[in-house]
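Raw contents of my_file-v5.txt, compact mmCIF, C-alpha atoms:
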# COMPACT_ATOMS: atom_id res chain seq x y z
CA MET A 1 137.02 135.36 86.29
CA ARG A 2 139.61 133.00 87.77
CA ILE A 3 138.74 129.50 86.64
CA ILE A 4 140.39 126.18 87.51
CA ILE A 5 139.74 123.20 85.26
CA MET A 6 140.74 119.74 86.47
CA GLY A 7 141.40 117.29 83.64
CA CYS A 8 142.83 118.22 80.25
CA GLY A 9 140.99 115.72 78.10
CA ARG A 10 139.06 116.78 75.01
CA VAL A 11 136.34 118.54 76.99
CA GLY A 12 138.73 120.16 79.47
CA ALA A 13 141.05 121.44 76.75
CA GLU A 14 138.22 122.80 74.60
CA LEU A 15 136.62 124.49 77.60
CA ALA A 16 139.98 126.02 78.53
CA ARG A 17 140.37 127.33 74.98
CA LEU A 18 136.92 128.94 74.97
CA LEU A 19 137.32 130.58 78.37
CA ASP A 20 140.86 131.74 77.61
CA ALA A 21 139.70 133.32 74.34
CA GLU A 22 137.05 135.24 76.29
CA GLY A 23 139.78 136.70 78.46
CA HIS A 24 139.30 134.64 81.64
CA GLU A 25 142.23 133.66 83.81
CA VAL A 26 142.42 129.87 83.33
CA VAL A 27 144.48 127.27 85.17
CA ILE A 28 144.18 123.72 83.84
CA LEU A 29 145.36 120.68 85.81
CA ASP A 30 146.25 117.21 84.62
CA LEU A 31 148.22 114.26 85.98
CA ASP A 32 150.03 113.86 82.66
CA SER A 33 151.83 116.71 80.89
CA TYR A 34 151.24 114.92 77.56
CA SER A 35 147.53 115.89 77.84
CA PHE A 36 148.46 119.56 77.43
CA ARG A 37 149.19 118.91 73.73
CA ARG A 38 145.45 119.42 73.26
CA LEU A 39 145.71 123.08 74.27
CA PRO A 40 146.06 125.63 71.44
CA ARG A 41 149.47 127.22 70.87
CA ASN A 42 148.21 130.67 71.79
CA PHE A 43 146.73 129.52 75.14
CA LYS A 44 147.55 132.27 77.63
CA GLY A 45 146.48 130.40 80.77
CA THR A 46 148.51 128.12 83.02
CA ALA A 47 148.88 124.37 82.50
CA LEU A 48 149.88 122.63 85.72
CA VAL A 49 150.89 118.99 86.19
CA GLY A 50 149.48 117.60 89.41
CA ASN A 51 146.82 115.63 91.22
CA GLY A 52 143.67 117.67 91.73
CA LEU A 53 142.77 115.54 94.76
CA ASP A 54 145.78 116.91 96.57
CA GLU A 55 145.23 120.08 98.60
CA GLU A 56 148.75 121.31 97.92
CA THR A 57 148.26 121.08 94.15
CA LEU A 58 144.95 122.89 94.41
CA ARG A 59 146.57 125.67 96.42
CA LYS A 60 149.33 125.92 93.83
CA ALA A 61 146.65 126.27 91.17
CA GLY A 62 145.31 129.25 93.13
CA ILE A 63 142.10 127.67 94.43
CA GLU A 64 141.91 130.05 97.37
CA LYS A 65 141.23 132.92 94.97
CA ALA A 66 139.32 131.02 92.29
CA ASP A 67 135.81 132.04 91.25
CA VAL A 68 135.00 128.80 89.46
CA PHE A 69 136.20 125.18 89.76
CA ILE A 70 135.28 122.60 87.12
CA SER A 71 136.21 118.91 87.31
CA VAL A 72 136.17 116.99 84.02
CA THR A 73 138.58 114.06 84.46
CA GLN A 74 137.69 110.58 83.19
CA GLY A 75 136.70 109.38 86.65
CA ASP A 76 133.29 110.25 88.11
CA ASN A 77 134.53 109.70 91.64
CA ARG A 78 137.63 111.82 91.14
CA ASN A 79 135.44 114.61 89.80
CA VAL A 80 133.03 114.35 92.68
CA MET A 81 135.72 114.29 95.34
CA ALA A 82 137.66 117.23 93.85
CA ALA A 83 134.46 119.24 93.49
CA GLN A 84 133.55 118.63 97.11
CA MET A 85 137.04 119.68 98.21
CA ALA A 86 136.69 122.89 96.20
CA LYS A 87 133.26 123.57 97.70
CA HIS A 88 133.66 122.48 101.31
CA ILE A 89 137.34 123.09 102.05
CA PHE A 90 138.18 126.03 99.81
CA ASN A 91 134.70 127.60 99.55
CA VAL A 92 134.97 128.25 95.81
CA PRO A 93 131.80 130.20 94.87
CA GLN A 94 130.96 128.12 91.77
CA VAL A 95 131.78 124.43 91.53
CA ILE A 96 130.80 122.35 88.51
CA CYS A 97 131.35 118.65 88.14
CA ARG A 98 130.95 116.14 85.32
CA ILE A 99 129.42 112.80 86.33
CA TYR A 100 128.79 110.15 83.67
CA ASP A 101 126.62 107.95 85.90
CA PRO A 102 123.14 109.56 85.88
CA ILE A 103 122.18 108.12 89.27
CA ARG A 104 125.26 109.52 90.96
CA GLU A 105 124.72 112.78 89.10
CA GLU A 106 121.22 113.14 90.48
CA MET A 107 122.40 112.43 94.02
CA TYR A 108 125.20 114.98 93.98
CA ARG A 109 122.89 117.57 92.44
CA GLU A 110 120.59 117.04 95.41
CA LEU A 111 123.61 117.47 97.68
CA GLY A 112 124.21 120.91 96.23
CA LEU A 113 126.83 120.45 93.51
CA LYS A 114 126.34 121.85 90.02
CA THR A 115 126.52 118.71 87.92
CA ILE A 116 126.28 117.63 84.32
CA SER A 117 125.83 114.11 82.94
CA PRO A 118 127.01 113.78 79.32
CA THR A 119 125.42 110.32 79.28
CA ILE A 120 121.88 111.69 79.39
CA ILE A 121 122.61 114.68 77.16
CA GLY A 122 124.42 112.50 74.60
CA ALA A 123 121.74 109.83 74.50
CA LYS A 124 118.97 112.41 74.05
CA ALA A 125 120.88 114.20 71.27
CA LEU A 126 121.49 110.92 69.46
CA LYS A 127 117.84 109.93 69.75
CA GLU A 128 116.81 113.23 68.23
CA LEU A 129 119.09 112.61 65.27
CA ILE A 130 117.12 109.51 64.32
CA GLY A 131 115.02 110.50 61.32
CA GLY A 132 111.43 109.41 60.87
CA MET B 133 124.52 92.68 112.14
CA TYR B 134 124.49 93.06 108.37
CA ILE B 135 127.72 94.52 106.98
CA ILE B 136 128.51 95.37 103.36
CA VAL B 137 132.21 95.45 102.54
CA ILE B 138 133.18 97.29 99.36
CA GLY B 139 136.47 96.36 97.69
CA GLY B 140 137.88 92.84 97.66
CA GLY B 141 141.57 93.61 97.98
CA GLU B 142 143.66 92.22 100.84
CA VAL B 143 141.93 94.44 103.40
CA GLY B 144 138.41 93.67 102.17
CA TYR B 145 139.10 89.95 101.95
CA HIS B 146 140.59 89.58 105.44
CA LEU B 147 137.98 91.87 106.97
CA SER B 148 135.12 89.86 105.43
CA LYS B 149 136.65 86.60 106.58
CA ALA B 150 137.06 87.89 110.12
CA LEU B 151 133.49 89.22 110.23
CA LEU B 152 132.11 85.94 108.88
CA SER B 153 133.98 83.95 111.49
CA GLU B 154 132.42 86.15 114.16
CA GLY B 155 129.01 85.13 112.81
CA GLU B 156 128.10 88.43 111.14
CA GLU B 157 126.12 88.59 107.93
CA VAL B 158 128.44 89.93 105.22
CA THR B 159 128.28 90.86 101.55
CA LEU B 160 131.60 91.59 99.85
CA LEU B 161 131.42 93.64 96.66
CA GLU B 162 134.18 93.38 94.06
CA LYS B 163 133.92 94.92 90.61
CA GLU B 164 136.81 93.29 88.82
CA ALA B 165 135.98 89.93 87.17
CA SER B 166 139.18 88.01 87.85
CA ARG B 167 139.47 89.12 91.46
CA TYR B 168 135.78 88.34 91.96
CA ALA B 169 136.35 84.79 90.72
CA VAL B 170 139.19 84.24 93.20
CA LEU B 171 137.16 85.61 96.10
CA ALA B 172 133.98 83.73 95.20
CA GLU B 173 135.93 80.49 95.02
CA GLU B 174 137.04 80.91 98.60
CA LEU B 175 134.21 82.77 100.32
CA GLY B 176 131.26 81.54 98.26
CA GLU B 177 128.04 83.40 97.72
CA VAL B 178 128.75 86.26 100.12
CA VAL B 179 130.87 87.71 97.31
CA VAL B 180 128.88 89.72 94.77
CA ARG B 181 130.29 91.15 91.59
CA GLY B 182 129.63 94.84 91.15
CA ASP B 183 130.76 98.41 91.64
CA GLY B 184 129.95 99.51 95.18
CA CYS B 185 129.80 103.14 94.05
CA GLU B 186 126.75 102.37 91.93
CA ALA B 187 123.38 102.69 93.58
CA ARG B 188 122.06 99.68 91.68
CA THR B 189 124.77 97.36 93.02
CA LEU B 190 124.17 98.57 96.55
CA GLU B 191 120.45 98.09 96.13
CA GLU B 192 120.94 94.50 94.97
CA ALA B 193 123.20 93.93 97.96
CA GLY B 194 120.37 95.09 100.23
CA ALA B 195 122.02 98.31 101.40
CA SER B 196 118.81 99.68 102.85
CA ARG B 197 118.85 97.03 105.58
CA ALA B 198 122.61 97.19 106.14
CA ASP B 199 123.81 98.30 109.57
CA VAL B 200 127.27 99.20 108.39
CA VAL B 201 128.96 99.87 105.06
CA VAL B 202 132.74 99.63 104.98
CA ALA B 203 134.56 100.93 101.88
CA VAL B 204 138.11 99.61 101.65
CA THR B 205 139.11 99.90 98.01
CA GLY B 206 142.57 101.25 97.26
CA ASP B 207 141.24 104.61 96.08
CA ASP B 208 140.13 107.32 98.48
CA GLU B 209 137.71 108.84 95.98
CA ASP B 210 135.94 105.52 95.42
CA ASN B 211 135.62 104.93 99.16
CA LEU B 212 134.20 108.42 99.62
CA VAL B 213 131.58 108.04 96.90
CA ALA B 214 130.58 104.52 98.00
CA CYS B 215 129.98 105.78 101.55
CA GLN B 216 128.11 108.86 100.36
CA VAL B 217 125.80 106.77 98.16
CA ALA B 218 125.21 104.36 101.08
CA LYS B 219 124.45 107.26 103.38
CA HIS B 220 122.28 109.43 101.15
CA ARG B 221 120.52 106.85 98.99
CA PHE B 222 120.14 104.03 101.49
CA HIS B 223 120.36 105.82 104.84
CA VAL B 224 122.96 103.43 106.22
CA ALA B 225 123.54 104.41 109.84
CA ARG B 226 127.27 103.83 109.95
CA THR B 227 129.73 104.27 107.09
CA ILE B 228 133.42 103.54 107.43
CA ALA B 229 135.98 104.56 104.80
CA ARG B 230 139.58 103.60 104.41
CA ILE B 231 141.79 106.51 103.38
CA LYS B 232 145.31 106.45 102.02
CA ASN B 233 145.99 110.15 102.19
CA PRO B 234 145.73 111.08 105.89
CA ARG B 235 144.78 114.65 104.93
CA ASN B 236 141.48 113.45 103.51
CA LYS B 237 140.19 112.74 107.03
CA THR B 238 138.88 116.30 107.47
CA LEU B 239 137.05 116.31 104.13
CA PHE B 240 135.48 112.89 104.70
CA GLU B 241 134.25 113.85 108.15
CA LYS B 242 132.86 117.13 106.84
CA LEU B 243 130.96 115.17 104.21
CA GLY B 244 129.32 112.94 106.79
CA ILE B 245 131.40 109.76 106.66
CA ASP B 246 131.16 108.37 110.19
CA VAL B 247 134.61 106.87 110.55
CA THR B 248 137.84 107.09 108.55
CA VAL B 249 140.70 104.68 108.94
CA SER B 250 144.01 105.83 107.55
CA SER B 251 146.14 102.84 106.64
CA THR B 252 149.09 105.17 106.09
CA ASP B 253 148.84 106.63 109.59
CA LEU B 254 148.50 103.17 111.13
CA ILE B 255 151.57 101.88 109.33
CA LEU B 256 153.56 104.99 110.23
CA ALA B 257 152.55 104.69 113.88
CA HIS B 258 153.58 101.05 113.98
CA ILE B 259 156.92 101.72 112.37
CA GLU B 260 157.55 104.70 114.61
CA HIS B 261 156.75 102.50 117.56
CA GLU B 262 159.70 100.33 116.64
CA LEU B 263 162.12 103.21 116.16
CA PRO B 264 164.08 104.07 119.30
CA SER B 265 164.20 107.70 118.21
CA HIS B 266 160.40 107.92 118.42
CA PRO B 267 159.43 107.11 121.98
CA LEU B 268 155.99 108.74 121.64
CA VAL B 269 153.35 106.74 119.78
CA PRO B 270 149.67 107.63 119.32
CA LEU B 271 147.79 104.39 120.05
CA LEU B 272 144.14 105.32 119.73
CA GLU B 273 142.07 108.38 119.02
CA LEU B 274 139.03 108.82 121.25
CA LYS B 275 136.36 109.97 118.82
CA GLY B 276 134.83 113.34 119.48
CA LYS B 277 136.53 113.76 122.84
CA GLY B 278 139.61 115.64 121.63
CA LEU B 279 141.74 113.08 123.43
CA GLU B 280 144.02 110.28 122.41
CA VAL B 281 145.64 107.30 124.06
CA ILE B 282 149.39 107.53 123.71
CA GLY B 283 152.30 105.33 124.63
CA VAL B 284 155.71 106.59 125.67
CA LYS B 285 158.45 103.98 125.62
CA ILE B 286 161.32 104.64 128.02
CA PRO B 287 164.55 104.15 126.03
CA PRO B 288 167.35 102.05 127.63
CA ASN B 289 169.55 105.07 128.24
CA SER B 290 166.80 107.41 129.44
CA PRO B 291 167.46 109.69 132.40
CA ALA B 292 163.93 108.82 133.55
CA ILE B 293 164.99 105.32 134.62
CA GLY B 294 164.74 104.83 138.37
CA ARG B 295 162.60 107.91 138.90
CA LYS B 296 159.13 107.62 140.37
CA LEU B 297 156.01 108.68 138.50
CA GLY B 298 155.11 111.01 141.36
CA ASP B 299 158.37 112.90 140.82
CA PHE B 300 157.31 114.17 137.41
CA LYS B 301 155.32 117.35 137.06
CA LEU B 302 152.88 116.20 134.39
CA PRO B 303 150.64 118.50 132.36
CA GLY B 304 147.05 118.82 133.56
CA GLU B 305 145.38 117.62 130.37
CA CYS B 306 146.75 114.13 130.70
CA LEU B 307 146.19 111.07 132.83
CA VAL B 308 148.73 108.28 133.09
CA CYS B 309 146.65 105.10 133.22
CA LEU B 310 149.07 102.23 132.83
CA VAL B 311 152.75 101.39 133.05
CA ILE B 312 153.72 98.26 131.16
CA SER B 313 156.94 96.86 132.46
CA LYS B 314 159.04 94.36 130.57
CA ASP B 315 159.38 92.06 133.58
CA LYS B 316 156.33 92.79 135.72
CA GLY B 317 153.74 93.29 132.97
CA PRO B 318 151.01 95.91 133.24
CA GLN B 319 150.89 97.87 136.49
CA LEU B 320 148.55 100.54 137.78
CA PRO B 321 150.49 103.77 137.87
CA SER B 322 150.71 104.56 141.57
CA MET B 323 152.92 107.52 142.23
CA ASP B 324 155.71 105.41 143.75
CA VAL B 325 156.19 103.18 140.69
CA ALA B 326 159.77 103.66 139.54
CA LEU B 327 160.30 103.64 135.79
CA GLU B 328 162.54 101.02 134.24
CA ALA B 329 164.21 100.78 130.86
CA GLU B 330 161.76 99.81 128.10
CA ASP B 331 158.72 100.46 130.25
CA GLU B 332 155.79 101.75 128.27
CA VAL B 333 153.82 104.54 129.89
CA VAL B 334 150.26 104.64 128.57
CA ALA B 335 148.32 107.87 129.06
CA VAL B 336 145.12 109.55 127.91
CA ALA B 337 145.98 113.06 126.81
CA ASP B 338 145.01 116.04 124.74
CA PRO B 339 147.07 115.62 121.54
CA LYS B 340 148.44 119.13 122.14
CA VAL B 341 150.23 118.08 125.34
CA ALA B 342 151.33 114.64 124.14
CA GLU B 343 154.75 115.88 123.02
CA GLU B 344 155.11 117.79 126.25
CA LEU B 345 154.33 114.71 128.32
CA SER B 346 156.87 112.71 126.37
CA ALA B 347 159.48 115.44 126.80
CA ILE B 348 158.90 115.58 130.57
CA LEU B 349 159.13 111.81 130.96
CA LEU B 350 162.36 111.69 129.00
CA SER B 351 163.92 114.95 130.19
CA LYS B 352 167.48 115.06 131.42
CA THR B 353 166.94 117.65 134.10
CA PRO B 354 165.32 116.21 137.21
CA PRO B 355 162.00 117.81 138.11
CA SER B 356 162.19 120.64 140.60

If you took the structure in this file and wrote it as structure tokens, what would it be?
Amino acid sequence: MRIIIMGCGRVGAELARLLDAEGHEVVILDLDSYSFRRLPRNFKGTALVGNGLDEETLRKAGIEKADVFISVTQGDNRNVMAAQMAKHIFNVPQVICRIYDPIREEMYRELGLKTISPTIIGAKALKELIGG
Amino acid sequence: MYIIVIGGGEVGYHLSKALLSEGEEVTLLEKEASRYAVLAEELGEVVVRGDGCEARTLEEAGASRADVVVAVTGDDEDNLVACQVAKHRFHVARTIARIKNPRNKTLFEKLGIDVTVSSTDLILAHIEHELPSHPLVPLLELKGKGLEVIGVKIPPNSPAIGRKLGDFKLPGECLVCLVISKDKGPQLPSMDVALEAEDEVVAVADPKVAEELSAILLSKTPPS
């Protein structure tokens, strides 16, 4: 599959590594080229410096032919806006978006985005680690 | 009317002040502590500290009874999300977002934001207005009509000077509604009004023929 990841933080880079190792065609975007240090040396995908909220950058990343778009930058609102661009302007079949704020996450899920809130998942996991 | 303004930068501050002086009920939301303190000092309790993208802040501000939510932070994505939360969580009838990147207009409208205001476009239009090489200026877009109000300024050396409006063969999709003369002020555009240097011709036109109208008014060859 052709997959675009926006944001090369820890999660973005690790996700890119996993998908690349499985043989997917990965393009990863970040505003800062320094973030790409997190990618493994043998990463076969494309690392592209640019703003994922800019249509030109998204086109350059090949969004018109992408099967999946995933936004995992530090900003909830950036993620949400990029995901909606991918879905409503470029008609990417699968769009997934990370939203830390659980209330916003619920709302955008209702609006038809595939969303994930690490806040809820993280808190639950931590609670389960508490021994009796 | 109850209006919630999100973002206490220069735009949010002056907008809130203007609305207050017109007697409207206003809440101004600002998330940053130091900016909040400055605003609260001047505008008092209408300023509330909080992130306008968060449903809880909007709820505390009484978004469900707000008539209008205006998001004017410096970031397009924040303005989009604030308006979407206002719309979908609190059913605010009218949401207005400021955008910096003019290309975001299409996306915002697709996503249900009622009005977008592009500060970049406005500034460009104003600057272009002052450049002699840009006689055509879009003045106002008529929402949903596919029309805009445009101004064409007749440059001092234009071949159009001295010619009458009725002499021009104007495109069908436009209506000249006003000629503003430097000396005589605004005039109704009867066909025998002769154009003078620095007159501004104001017309309602389909944006597609705006350039054409400008070209005809400023053309060197006299109309046949």

Kindly provide, as a PDB file with C-alpha atoms, in the coordinates of the input, the residues of chain A having any atom no farther than 9 Å from an atom of chain B, counting all atoms listed in the file.
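Output file result-v5.pdb follows:
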ATOM      1  CA  LEU A  53     142.770 115.540  94.760  1.00  0.00           C
ATOM      2  CA  ASP A  54     145.780 116.910  96.570  1.00  0.00           C
ATOM      3  CA  GLU A  55     145.230 120.080  98.600  1.00  0.00           C
ATOM      4  CA  ASN A  77     134.530 109.700  91.640  1.00  0.00           C
ATOM      5  CA  ARG A  78     137.630 111.820  91.140  1.00  0.00           C
ATOM      6  CA  ASN A  79     135.440 114.610  89.800  1.00  0.00           C
ATOM      7  CA  VAL A  80     133.030 114.350  92.680  1.00  0.00           C
ATOM      8  CA  MET A  81     135.720 114.290  95.340  1.00  0.00           C
ATOM      9  CA  ALA A  82     137.660 117.230  93.850  1.00  0.00           C
ATOM     10  CA  GLN A  84     133.550 118.630  97.110  1.00  0.00           C
ATOM     11  CA  MET A  85     137.040 119.680  98.210  1.00  0.00           C
ATOM     12  CA  HIS A  88     133.660 122.480 101.310  1.00  0.00           C
ATOM     13  CA  ILE A  89     137.340 123.090 102.050  1.00  0.00           C
ATOM     14  CA  ASP A 101     126.620 107.950  85.900  1.00  0.00           C
ATOM     15  CA  ILE A 103     122.180 108.120  89.270  1.00  0.00           C
ATOM     16  CA  ARG A 104     125.260 109.520  90.960  1.00  0.00           C
ATOM     17  CA  MET A 107     122.400 112.430  94.020  1.00  0.00           C
ATOM     18  CA  LEU A 111     123.610 117.470  97.680  1.00  0.00           C
TER      19      LEU A 111
END

(request) Record the distance separating CA of Val180 (chain B) and CA of Gly75 (chain A), expressed in Å with one decimal. (result) 22.7 Å

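You will find CA of His223 (chain B) at 21.8 Å from CA of Ile99 (chain A).
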
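In terms of minimum interatomic distance to Glu154 (chain B), B:Met133 ranks closest within B:Ile138, B:Met133, B:Ala329, B:Val170, counting all atoms listed in the file.
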
(message) Just want the 12 Å neighbourhood of Met1 (chain A), counted on all atoms listed in the file, with same-chain residues fewer than 6 positions away dropped. Output as number ranges by chain.
(response) A: 19-20, 22-27, 65-69, 93-94

Near Val158 (chain B), counting all atoms listed in the file, which residues have an atom at most 6 Å away, once you skip same-chain residues fewer than 4 positions from it, shown as a short mmCIF file (atom, residue, chain, number, x, y, z; two decimals) with C-alpha atoms, keeping the file's coordinate frame?
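Result written to out.cif:
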data_model
loop_
_atom_site.label_atom_id
_atom_site.label_comp_id
_atom_site.auth_asym_id
_atom_site.auth_seq_id
_atom_site.Cartn_x
_atom_site.Cartn_y
_atom_site.Cartn_z
CA TYR B 134 124.49 93.06 108.37
CA ILE B 135 127.72 94.52 106.98
CA ILE B 136 128.51 95.37 103.36
#

(message) What's around Gln74 (chain A) at 12 Å? Count all atoms listed in the file, leave out sequence neighbours fewer than 6 positions away in its own chain, and write the answer as an NGL selection string.
(response) :A and (6-12 or 30-31 or 80 or 97-101 or 118)

(message) With all atoms listed in the file as the counted atoms, please give the residues lying no more than 10 Å from region 56-58 of chain A, apart from itself and same-chain residues fewer than 4 positions off, as an MDAnalysis selection string.
(response) chainID A and resid 4 6 29 48:52 62:64 82 85:86 90
